[in-house]
Structures are given as C-alpha cells and as structure tokens.
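The next block holds one structure in the form of structure tokens; read it before the comments.
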Amino acid sequence: MRTEIRFRLNGEQVAAQVAPHETLVEVLREAFGLYGARESCGQGMCGCCTVLVDGRAVSGCLYLACLCENAEVRTIEGGTALDAVQQAFVEAGALQCGFCTPGFVLMTRQLLDEIPDPSEDEIRHYLSGNLCRCAAYPEIIEAVKLAASKRRKS
Amino acid sequence: MKRAAQPTETAQVGRSLPRLESWLKVTGRAEYVHNLRLPRMLYGKICRSTVAHGRIKRIDVAAAQAVGGVHRVVTGEDVRALIAEPYYGPAFHDQPVLALDKVRYVGEPVAVVLAADPHVAEEAAHLVTVEYEELPAVYDEVEAMTSAAIVHEALKPAGTFPDLKHLKGRTNTNVALDFHLRRGSPEAAFSTVDRVFEHRFRTQQVMHTPLEPLVSVAESTETSITLHTASQSPSFVRIEIARLLGWPENRVRVRVPFLGGGFGAKLYIKLEALVSVLSLITKRPVKISLTMEEQFFTITKHASTFRIKSGVTKDGRIVARDCEVWWNGGAYADIGPRVTQKSGFTAPGPYDIDDVRVDSYALYTNLPPAGALRGFGIPQLVWAYESHTDMLARELGIDPIEFRRRNLLREGRPQATGTRMKDAALEKVLERLAVLMSWEEPFERGGGTVRRGRGIALGFKACIANTTSLAAVNVNADGSCTVYTSCVDMGQASDTAMAQIAAEVLRIPAEAVSVVHSDTDVTPFDMATLGSRSLFHSGNAVKLAAEDALKKVNQLRDELHLPADAPIADVFKKKYGMRAGSVTGAGNFIPPYTPPDENGQTDNATPFWMVGGTGVELEVDTETGRVRVTRLVNVADVGTPINPKIVETQLSGASIMQLGFSLFEKMHFDAEGQLRNASFAEYKIPGFHDLPDEIVNEAVVGQQSTGPFGGKGVGETGTFGVSPAIANAIHDAVGVRLTSLPMNPESVWEKIEASR
C-alpha cells in the first residue's frame with residue numbers, strides 16, 4: 001500500500017515510500033531520521049510538530065505525508081549556522097526543556113517574514129498556537145523582538 | 001576549545017550564562033528518549049481498564065493476537081509468571097506492572113499489544129476484551145476515610161520509610177498514611193482566644209502534561225537489562241527494577257538523556273517495570289511512548305480538602321491553629337504518603353503560632369494515581385492557609401500585609417515541628433512584595449462591570465529529607481572538566497548550574513565543563529531530581545567532588561615543584577611527559593536530619609527552607625465571571641542565585657504554570673470515574689493569551705549558608721502563592737470568596753450571582 005512521493009526536504013530533492021495514513025512527522029522520523037518536529041498532543045494543539053510546507057506552517061502530526069508530493073518541506077534541521085531567530089532564542093533564554101523550541105523557532109521565522117517588526121500583541125496572537133509547558137513565554141516574546149532587531153540590522 | 005581550558009579569575013557563580021545545551025535545543029538536535037529507535041524494536045500499546053473498580057473475570061486476547069503483524073499480547077498473568085510479586089512503588093508496593101485480579105481506576109493498564117509497527121499495535125489493542133465484575137467505587141478523599149468501598153484489600157508498605165511500617169497488613173481502610181503533629185495545647189488555647197474562624201478549601205485534580213509524554217525503552221539479554229527512560233529518578237529506577245527481578249543492581253543499567261519536561265510526572269517507576277518485563281518476555285527491545293491522553297491515566301496532582309481553624313486575639317495575633325488535610329491519592333500511593341507528611345507539617349503556614357494541631361491523611365480512591373507536581377503538596381496547602389489568613393485579616397479589619405507581619409515566623413523562631421527557622425527570608429520576601437505591589441499607594445478599583453482588586457500570599461516549603469547525592473568530577477589533561485551526576489536536566493538547567501559550580505571551584509570557565517547525563521553504570525547515585533532538591537544536594541556533591549579534584553591537582557603541583565598558578569595542562573604534561581592522565585574527585589553529600597517523633601516534633605526537619613511570595617493585580621468581569629490577571633509579582637528567597645537569568649525563568653515559568661492550575665485546569669470525571677477531558681482540545685494549559693500583561697520576578701538578597709556558594713532550590717518556589725493571591729485579589733475586587741479551584745468564570749460568576 002506504500003507509494004513513492006518526491007519532494008524537496010530542506011533544499012534537497014528526496015523520495016520516500018509512504019503509507020496513506022502516515023503523517024509528515026512519522027515520515028521525517030522514520031525515513032529521514034529527523035527528530036526536531038515531534039508529536040506531543042497529537043491533535044495539532046501544541047505546535048511541537050510544526051513543519052513548513054511550501055512556506056506555510058503545518059501541524060506535522062496531522063498533516064498526511066502523501067500531501068507533500070512535489071512540495072518544499074522545511075524543518076528545524078535545515079540550515080547550517082544559527083539564524084537570527086535561533087540566536088535570539090539562545091540569548092534571551094527563551095527555552096527550558098527544549099521540546100517545543102523547534103516549533104516556536106519555525107513559527108517565529110514565519111511571523112517575521114510576514115511582519116518584520118511585530119508588536120507584542122501581534123507576537124502573542126501569532127504564536128498562540130504553540131504551547132510551552134515550562135512557560136518560557138515572556139522570554140519567547142523577548143526573543144522574537146530581539147530576532148526582529150537582528151534581522152533589521154543584517 | 002583551547003580558549004576554554006584557560007584558567008579564569010572571573011566568577012562563574014552568578015553569571016547569567018545561557019544554557020550549555022542551547023545550540024542542541026534550538027536546532028532540534030537535543031537527545032530525548034522520544035527519539036530513540038533500536039534494531040528489532042517492538043512498540044507496545046496499552047489496553048486500559050474501562051471500569052473504576054472491578055474484579056477481572058476474563059481477558060480475551062484472541063482477536064488482538066490474530067491481527068497481522070502483532071508479535072504478542074501480554075497480560076498481568078504473563079507478568080506474574082516472570083515475577084511472583086510484580087508490585088512496585090516508592091512508599092507502598094501496591095502497583096502491579098499490569099492489573100492483576102482487580103482494576104482500581106478507569107485507564108489502568110490491563111494488557112499490552114506488541115508489534116513492530118505501532119499502528120498495528122494500537123489497532124489490535126482496541127480488540128482486547130475484558131470482562132469485569134464491577135465493585136463499588138470511591139472518588140472523594142473525605143468520603144474515602146469512611147467508605148465501604150475499599151481500594152486495596154491489605155496495605156503493603158515498601159519498608160523504605162519507618163513511619164509507614166505500622167500500616168503493614170492493615171485491612172479495611174483507604175488511609176495510606178495518617179500523619180499527626182501536636183505542638184502546645186491547641187484545645188486549651190482555642191478556649192481562651194477572642195475569635196475563632198474555621199474554613200474549608202478544596203483543590204482539584206490536574207496533570208503535569210510534560211510536552212514530551214512519558215516514554216521508556218528496554219533492551220535485555222539473559223543477564224542484563226538496559227533502560228532508556230525519560231525519568232527524573234534513574235537511581236531509584238535501577239534499585240526498584242533490580243528488586244522486582246531479584247537481580248543485583250549492576251545488571252540493571254538506566255540511562256536518561258534530556259527530558260522534555262518533568263514537573264514530578266517522571267518520578268519513581270512509571271513505564272520502566274512494564275517495558276523491562278516485555279523485553280524479557282519477547283527478548284527484543286521494547287518501547288512504550290504514551291500519548292498525551294494516556295498521561296492523564298498515569299500520574300496526576302493530588303486533589304485535596306483542607307479544614308483550617310484559627311484562634312486569634314483582638315489585636316490580631318494567631319495563637320492556635322488546627323489543620324486537617326485529606327489528600328486524594330488515587331488508586332496507587334506513588335509518593336503520596338510522603339506528600340502527606342513532608343508537606344503536611346507546614347500546613348499551619350509561615351506564622352509563629354504556639355499551639356498547633358495537624359492531621360494529614362493520604363487516601364486511596366478509584367481515580368488515576370497522584371504524586372508530586374511542582375511543589376510536592378505545598379501549593380494545595382498555601383492555597384488554603386493564605387486564603388484563610390487573608391479572611392482573618394479582613395474580618396479583623398487589619399491590613400493583610402500588616403496582619404502577616406504581626407504573625408510572621410521570624411528567623412530563629414520554632415516552626416510547628418519545633419525546628420528553628422534558619423536562612424529563611426520570610427520577612428524580606430513579605431516586605432519586598434509590599435514594595436513591588438506599591439501596597440501603601442492608592443489602587444485604581446475600576447468601575448461598572450470591570451472591577452479591579454489586588455492580593456498577596458506568602459508560602460514556604462521544607463525541602464525533603466533525608467536524601468543523598470553523589471557526584472564525581474574529572475579534570476582532564478588539558479584542564480577541561482567533566483562532571484558525572486545522576487541529576488537529570490528536564491529543563492531546569494541543572495547541567496548549566498552544575499557546570500558553573502564545578503567551574504567556580506576549579507577557576508575555569510563554565511563552558512569548559514561538560515556534564516555527563518545519567519547512566520547508572522557511569523554516574524554515581526543521586527536520590528532523584530525532585531522537590532527543588534538538586535541545586536542544593538547535587539550541587540553540594542559536585543562542589544565537594546570539584547574540591548577533591550582540585551586538592552589532588554594541587555598535590556601534583558607540589559610534588560612536581562610547580563608554582564601554585566601553573567596551568568592544569570602544564571601539571572599533567574610535566575607529570576606524564578605528554579598530554580595524558582586525569583584526576584578524579586569524588587563528592588558525597590548528605591545533610592543532617594532528625595526524624596520527627598510521634599508528635600511530629602524534631603530539631604532538624606529540613607536541610608533548607610524555600611520561601612515564595614506572590615502579588616496579583618487583576619480585573620473581574622462581573623457579567624461573565626472572567627478573571628484577567630494584569631500584573632503578577634513573584635518574590636522568592638533562593639539563597640544566592642547561581643545563574644540569575646535561569647532563576648528568573650524558573651520563578652516566572654512556575655508561576656505561569658500555577659496560573660493554569662488556579663484559573664482553568666481541571667480533570668473532569670463523570671459519576672463512573674471516567675475522565676472526560678484527557679486531551680489538549682478539552683484540557684487547556686496556559687498559552688500566550690493567558691499571560692498577565694506584566695510579570696515581575698525578584699530574588700531577595702539571601703544566603704543559604706549550607707548551600708553550594710550560598711545557593712538553594714528554586715524550581716517550585718514560584719508556584720506557592722499564586723492561587724491564594726488570586727483568590728484574595730478577587731475578594732478585594734468584588735467581595736466574594738472562592739474556596740475551590742479552579743477559579744474559572746463559571747465559579748466566579750456563581751459566587752457573584754449568589755452575593756447579589
């Protein structure tokens with residue numbers, strides 16, 4: 001029942017054999033050994049499984065892998081050096097256990113692509129679909145502001 | 001890393017150093033058990049009880065076994081064939097690896113389906129059918145005291161704790177521990193006071209919901225077993241698995257990488273006994289990863305009822321206090337009996353009261369088990385005694401801060417156990433709270449349907465005793481350093497703190513220190529990472545180990561006639577003629593402790609006191625009952641902060657977590673004991689929209705004289721005062737008193753409506 005799908009993963013052309021019920025997170029884990037997007041709540045409520053598909057954030061635990069045919073898929077593992085958002089998360093101490101962090105980083109990149117200089121309200125609203133049980137929320141807001149200023153400077 | 005091994009005169013303690021593992025976490029590379037896959041690994045999916053209390057009459061696994069791809073279905077009887085007495089637990093050996101004879105709550109594991117494909121295992125787990133003979137059940141902790149429904153036929157204390165031994169073999173009871181404290185003559189005192197107030201408070205059952213759900217992997221051979229587990233207590237897991245199997249400890253290896261959150265959920269035995277048995281039965285590696293839903297059926301925070309009575313004088317002195325606390329422990333004791341005692345003795349609050357009575361009861365009920373959750377029972381107690389204390393102040397017409405000032409337990413004065421307070425900055429925390437809340441200034445009270453109020457609360461905690469931590473520190477030939485500790489980094493940044501402590505002793509940058517994660521074959525014993533004990537206990541052990549290593553390096557310097565400031569790398573080079581060798585220091589820390597007598601009295605109840613105060617400003621919408629916290633002020637005594645930035649994030653994170661427990665989180669059970677909201681779609685945890693507009697965190701200038709470089713624990717402190725500060729502020733805003741958590745819009749609105 002498996003079919004081959006082809007897509008671009010972090011800039012590389014790849015192929016994978018996927019079953020119809022398999023989610024994007026499962027395929028990233030099983031076929032490509034990528035663990036940065038991780039299933040937590042399993043309902044698309046927490047954002048730990050965030051993956052960018054054609055530039056849009058999706059809940060990888062609900063998104064069927066077969067829908068990625070010919071898509072451009074980006075995960076936290078893409079890129080070699082830390083970008084402004086990752087640097088800002090480190091500097092602002094915007095993480096504790098780290099389990100939700102990749103999802104926040106990806107959502108923040110998308111936020112800053114859309115709104116380069118977001119207000120605090122815009123940050124809270126945009127990231128409200130991501131949960132952090134350690135509740136590093138104030139530090140995450142600080143990190144987003146810091147990342148925005150780093151991006152403006154560069 | 002040539003730079004890193006150079007000696008430094010810069011203080012390493014007190015640096016707001018970013019977490020050492022930051023890079024791993026922002027790139028998604030941090031290692032969690034969640035990520036682990038082993039060759040030939042089987043996935044287990046659990047079939048769970050559908051009744052709250054019942055005898056197992058028959059388990060039919062045929063349909064499940066017949067599903068293509070199912071390797072095997074395992075039930076409690078298969079476990080019993082391997083282990084004659086397959087029961088575990090830190091306080092009582094009461095919890096079966098899989099249900100045997102009886103089930104005691106909805107969601108209890110009854111069977112496991114194993115398959116190489118987890119989807120196959122899950123599908124087949126739905127096909128296991130179990131017939132039960134249903135028994136009467138009990139859910140309420142106070143009813144459990146006298147209920148005819150008995151959860152356990154006979155009590156089976158583990159033998160670890162002396163104060164549980166008298167319970168052995170006791171039948172016809174749900175009381176898993178009755179703790180009593182008596183100081184002075186409360187009966188006589190109550191008869192002489194001017195006023196007596198009595199109130200009753202309740203807290204609800206909630207869940208930790210770490211975002212990395214509980215997960216364990218076991219791989220075994222004929223003679224050994226290795227567990228990879230998301231556990232806060234690897235040393236305990238090794239001891240308990242070795243005991244269950246009747247094996248020596250050195251044949252059980254427990255490895256723990258980073259944890260995706262813990263908060264007390266990942267303590268003692270959770271999935272470890274189950275995956276161990278499954279691996280031994282199948283002779284293959286076995287992994288069980290719980291779903292978010294399944295976590296709610298595994299471990300929770302105690303619901304509780306607290307009756308508190310105070311006798312006060314006209315001038316506002318509390319002279320007698322009577323506390324009766326019932327803890328809803330669920331179907332298995334877990335660490336509940338310790339919560340009952342270790343937190344129970346602080347139930348009268350941080351006040352100087354001569355005549356005190358405390359009765360604290362751990363109860364079995366037919367609900368999912370309860371254990372430790374960020375505060376070890378303290379937030380439940382502070383909720384009650386700080387709501388009550390505010391009610392006394394307002395009844396007497398005394399300002400709430402002034403009333404607390406008059407009654408505060410000051411340095412050197414005996415607490416309810418008789419232990420004299422030491423290094424507990426209660427006074428400083430209260431006074432800083434008054435300043436940061438601008439308590440003496442006029443306060444804008446709102447109008448119309450949005451009323452504003454403010455409130456404060458002050459809590460304290462005695463760190464758990466009697467516990468021990470060991471550590472080793474290796475100084476390598478280039479002067480870099482490796483710390484070996486079984487302290488688990490679950491997000492609290494213990495790796496970074498331990499590195500800073502070792503670096504401070506060795507006068508090298510903390511970045512030159514690496515911390516080896518828990519591996520019981522490698523890292524020394526550590527009681528567990530719980531109850532804010534690790535910075536103090538593991539930190540002291542690391543400090544001792546680093547000092548021991550430094551002493552040995554200095555001896556080498558002397559032997560080799562090198563100057564005292566000769567770099568470590570030069571010492572090894574001269575000793576061995578090349579870059580070779582290493583020096584290992586050992587640290588073994590156990591603080592003094594005196595067990596309480598039959599009246600709960602002791603001259604040394606705890607190695608250190610934690611103090612946390614919270615101030616809240618909020619708005620109440622009188623039409624909807626919605627409470628919006630606009631300002632949250634956390635003040636704490638953490639001794640000397642080892643890493644100030646991380647201390648701040650711990651205080652802030654703990655207070656936001658407690659905000660969820662205060663305002664909306666609640667596990668809803670129906671009349672049959674079935675949990676109705678075991679998912680994030682129905683059980684909401686705090687997100688961005690729940691944050692107060694402003695959060696202020698402050699560590700007062702403090703010093704824990706026995707702590708490593710003056711430090712002590714902080715993980716739980718931010719939780720203590722949040723719930724009662726909110727209740728006190730709601731009362732201040734709209735004049736109604738909430739006595740039950742959570743303070744959601746319905747309950748606030750009902751109170752307002754009733755007062756109209």
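Chain labels A, B, ... are given in the sequence in which chains occur in the structure tokens; within each chain residues are numbered consecutively from 1, and ligands are likewise numbered from 1 in the order shown.
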8 Å contact set for Asn130 (chain A), only C-alpha atoms, chain neighbours under 3 positions out, as a tab-separated table (two decimals) with N, CA and C atoms, in the first residue's frame:
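So part-v2.tsv came out as:
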chain	number	residue	atom	x	y	z
A	45	MET	N	-2.71	20.91	18.63
A	45	MET	CA	-3.00	21.97	19.60
A	45	MET	C	-1.74	22.61	20.19
A	46	CYS	N	-0.57	21.93	20.08
A	46	CYS	CA	0.59	22.39	20.84
A	46	CYS	C	1.71	22.96	20.00
A	47	GLY	N	1.80	22.60	18.73
A	47	GLY	CA	2.81	23.18	17.86
A	47	GLY	C	4.19	22.54	17.92
A	48	CYS	N	4.36	21.46	18.72
A	48	CYS	CA	5.68	20.82	18.80
A	48	CYS	C	6.07	20.16	17.48
A	100	CYS	N	9.47	22.04	22.84
A	100	CYS	CA	8.61	22.87	21.98
A	100	CYS	C	9.42	23.84	21.14
A	103	GLY	N	9.42	24.19	17.16
A	103	GLY	CA	8.14	24.71	16.66
A	103	GLY	C	8.06	26.21	16.82
A	104	PHE	N	8.50	26.71	17.96
A	104	PHE	CA	8.49	28.16	18.17
A	104	PHE	C	9.44	28.87	17.20
A	127	LEU	N	1.78	33.55	17.82
A	127	LEU	CA	2.38	32.33	18.39
A	127	LEU	C	1.42	31.59	19.33
B	687	GLY	N	-1.38	29.42	27.63
B	687	GLY	CA	-0.73	29.82	26.38
B	687	GLY	C	-0.52	31.33	26.42
Residues of chain A within 7 Å of chain B, only C-alpha atoms counted, as an MDAnalysis selection string: chainID A and resid 35:36 40:41 45 76:77 86 90:91 93 96:99 101:102 124 128 131 133:137
Sel. of helix (DSSP H, G or I) residues, region 179-248 of chain B, as a compact mmCIF listing (two decimals) with N, CA and C atoms, in the first residue's frame:
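Resulting contents of result.txt:
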# COMPACT_ATOMS: atom_id res chain seq x y z
N PRO B 186 -3.44 23.09 71.75
CA PRO B 186 -4.41 23.83 70.94
C PRO B 186 -5.81 23.85 71.56
N GLU B 187 -6.25 22.76 72.18
CA GLU B 187 -7.61 22.73 72.74
C GLU B 187 -7.76 23.83 73.78
N ALA B 188 -6.78 23.91 74.68
CA ALA B 188 -6.84 24.94 75.73
C ALA B 188 -6.78 26.33 75.12
N ALA B 189 -5.90 26.50 74.12
CA ALA B 189 -5.73 27.82 73.51
C ALA B 189 -7.02 28.29 72.83
N PHE B 190 -7.70 27.37 72.14
CA PHE B 190 -8.94 27.77 71.46
C PHE B 190 -9.99 28.26 72.45
N SER B 191 -9.96 27.74 73.69
CA SER B 191 -10.99 28.14 74.66
C SER B 191 -10.72 29.52 75.25
N THR B 192 -9.51 30.04 75.03
CA THR B 192 -9.20 31.35 75.64
C THR B 192 -9.15 32.50 74.65
N PRO B 234 16.72 8.12 37.92
CA PRO B 234 17.38 6.90 37.41
C PRO B 234 17.90 5.98 38.50
N SER B 235 18.43 6.54 39.60
CA SER B 235 18.97 5.67 40.64
C SER B 235 17.86 4.84 41.28
N PHE B 236 16.70 5.47 41.51
CA PHE B 236 15.57 4.73 42.07
C PHE B 236 15.10 3.65 41.10
N VAL B 237 15.05 3.98 39.80
CA VAL B 237 14.59 3.00 38.81
C VAL B 237 15.48 1.76 38.86
N ARG B 238 16.80 1.98 38.95
CA ARG B 238 17.69 0.82 38.99
C ARG B 238 17.41 -0.05 40.21
N ILE B 239 17.29 0.58 41.36
CA ILE B 239 17.06 -0.19 42.59
C ILE B 239 15.75 -0.97 42.50
N GLU B 240 14.71 -0.30 42.01
CA GLU B 240 13.38 -0.92 42.01
C GLU B 240 13.28 -2.05 40.97
N ILE B 241 13.89 -1.86 39.79
CA ILE B 241 13.87 -2.92 38.78
C ILE B 241 14.71 -4.10 39.26
N ALA B 242 15.84 -3.82 39.89
CA ALA B 242 16.69 -4.90 40.42
C ALA B 242 15.91 -5.68 41.49
N ARG B 243 15.18 -4.97 42.34
CA ARG B 243 14.39 -5.64 43.39
C ARG B 243 13.30 -6.52 42.78
N LEU B 244 12.58 -5.97 41.78
CA LEU B 244 11.50 -6.74 41.16
C LEU B 244 12.03 -8.01 40.51
N LEU B 245 13.18 -7.92 39.85
CA LEU B 245 13.72 -9.07 39.12
C LEU B 245 14.56 -9.97 40.02
Can you list every residue of region 629-678 of chain B that has an atom at most 12 Å from region 443-455 of chain B, with its nearest atom pair and the distance in Å to one decimal, using only C-alpha atoms, ordered by chain then number, as CSV?
residue,atom,partner,partner_atom,distance
B:Val629,CA,B:Arg454,CA,9.5
B:Thr630,CA,B:Arg452,CA,9.5
B:Arg631,CA,B:Arg454,CA,9.2
B:Leu632,CA,B:Arg454,CA,9.9
B:Val633,CA,B:Gly455,CA,10.4
If you count only C-alpha atoms, which residues fall within 10 Å of region 146-148 of chain A, apart from same-chain ones fewer than 3 positions away, as a ChimeraX atom specification? /A:83-89,91-92,108-109,111-113,115-118,140-143,151-153
Write out the residues from the selection above, keeping N, CA and C atoms, as a tab-separated table (two decimals), in the first residue's frame.
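part35.tsv written:
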chain	number	residue	atom	x	y	z
A	83	ASP	N	20.42	30.92	12.69
A	83	ASP	CA	19.92	32.16	12.11
A	83	ASP	C	19.59	33.15	13.23
A	84	ALA	N	19.10	34.33	12.84
A	84	ALA	CA	18.83	35.38	13.83
A	84	ALA	C	17.82	34.92	14.88
A	85	VAL	N	16.84	34.14	14.44
A	85	VAL	CA	15.80	33.69	15.39
A	85	VAL	C	16.41	32.72	16.41
A	86	GLN	N	17.18	31.77	15.94
A	86	GLN	CA	17.80	30.81	16.87
A	86	GLN	C	18.77	31.51	17.83
A	87	GLN	N	19.57	32.43	17.27
A	87	GLN	CA	20.49	33.18	18.14
A	87	GLN	C	19.72	33.94	19.21
A	88	ALA	N	18.61	34.54	18.81
A	88	ALA	CA	17.82	35.33	19.76
A	88	ALA	C	17.22	34.43	20.84
A	89	PHE	N	16.77	33.24	20.46
A	89	PHE	CA	16.22	32.32	21.47
A	89	PHE	C	17.30	31.93	22.48
A	91	GLU	N	20.06	33.75	23.25
A	91	GLU	CA	20.46	34.92	24.05
A	91	GLU	C	19.39	35.33	25.04
A	92	ALA	N	18.12	35.19	24.67
A	92	ALA	CA	17.04	35.61	25.57
A	92	ALA	C	16.68	34.51	26.58
A	108	THR	N	8.23	31.57	14.53
A	108	THR	CA	8.78	32.92	14.63
A	108	THR	C	9.37	33.36	13.29
A	109	ARG	N	10.03	32.44	12.60
A	109	ARG	CA	10.56	32.79	11.26
A	109	ARG	C	9.42	33.21	10.34
A	111	LEU	N	6.49	34.34	11.23
A	111	LEU	CA	5.96	35.62	11.72
A	111	LEU	C	6.80	36.79	11.21
A	112	LEU	N	8.12	36.67	11.34
A	112	LEU	CA	8.98	37.80	10.96
A	112	LEU	C	9.05	37.98	9.44
A	113	ASP	N	8.81	36.89	8.69
A	113	ASP	CA	8.70	37.04	7.24
A	113	ASP	C	7.48	37.88	6.88
A	115	ILE	N	5.59	39.85	9.22
A	115	ILE	CA	5.57	41.13	9.95
A	115	ILE	C	6.97	41.35	10.51
A	116	PRO	N	7.80	42.13	9.83
A	116	PRO	CA	9.21	42.25	10.25
A	116	PRO	C	9.40	42.90	11.61
A	117	ASP	N	8.45	43.75	12.02
A	117	ASP	CA	8.60	44.42	13.31
A	117	ASP	C	7.30	44.30	14.11
A	118	PRO	N	7.04	43.10	14.62
A	118	PRO	CA	5.72	42.87	15.24
A	118	PRO	C	5.59	43.53	16.61
A	140	ILE	N	10.22	34.17	25.37
A	140	ILE	CA	10.00	33.97	23.93
A	140	ILE	C	9.61	35.31	23.28
A	141	ILE	N	8.76	36.08	23.95
A	141	ILE	CA	8.40	37.41	23.42
A	141	ILE	C	9.66	38.26	23.26
A	142	GLU	N	10.49	38.22	24.29
A	142	GLU	CA	11.76	38.96	24.25
A	142	GLU	C	12.62	38.48	23.07
A	143	ALA	N	12.67	37.17	22.87
A	143	ALA	CA	13.48	36.60	21.79
A	143	ALA	C	12.96	37.03	20.42
A	151	ARG	N	17.42	40.90	12.57
A	151	ARG	CA	17.15	40.79	11.13
A	151	ARG	C	17.22	42.16	10.48
A	152	ARG	N	16.69	43.18	11.17
A	152	ARG	CA	16.72	44.52	10.60
A	152	ARG	C	18.15	45.00	10.41
A	153	LYS	N	19.01	44.65	11.37
A	153	LYS	CA	20.40	45.10	11.31
A	153	LYS	C	21.18	44.42	10.19
The distance between CA of Arg202 (chain B) and CA of Phe720 (chain B) is 15.5 Å
Could you check which of A:Cys68, A:Ala37, A:Ala31, A:Cys61 is closest to Phe7 (chain A), using only C-alpha atoms?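 Counting only C-alpha atoms, the residue closest to Phe7 (chain A) is A:Cys68.
Shortest atom-to-atom contact with Gly44 (chain A) among A:Thr80, A:Ser119, A:Thr75, A:Ser59: A:Ser59, counting only C-alpha atoms.
Counting only C-alpha atoms and comparing B:Gly344, B:Pro337, B:Gly721, B:Gly169, the residue that lies closest to Leu430 (chain B) is B:Gly721.
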Give me, please, the distance in Å between CA of Tyr105 (chain B) and CA of Pro162 (chain B), quoted to one decimal.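 Pair CA of Tyr105 (chain B) / CA of Pro162 (chain B) returns 28.5 Å.
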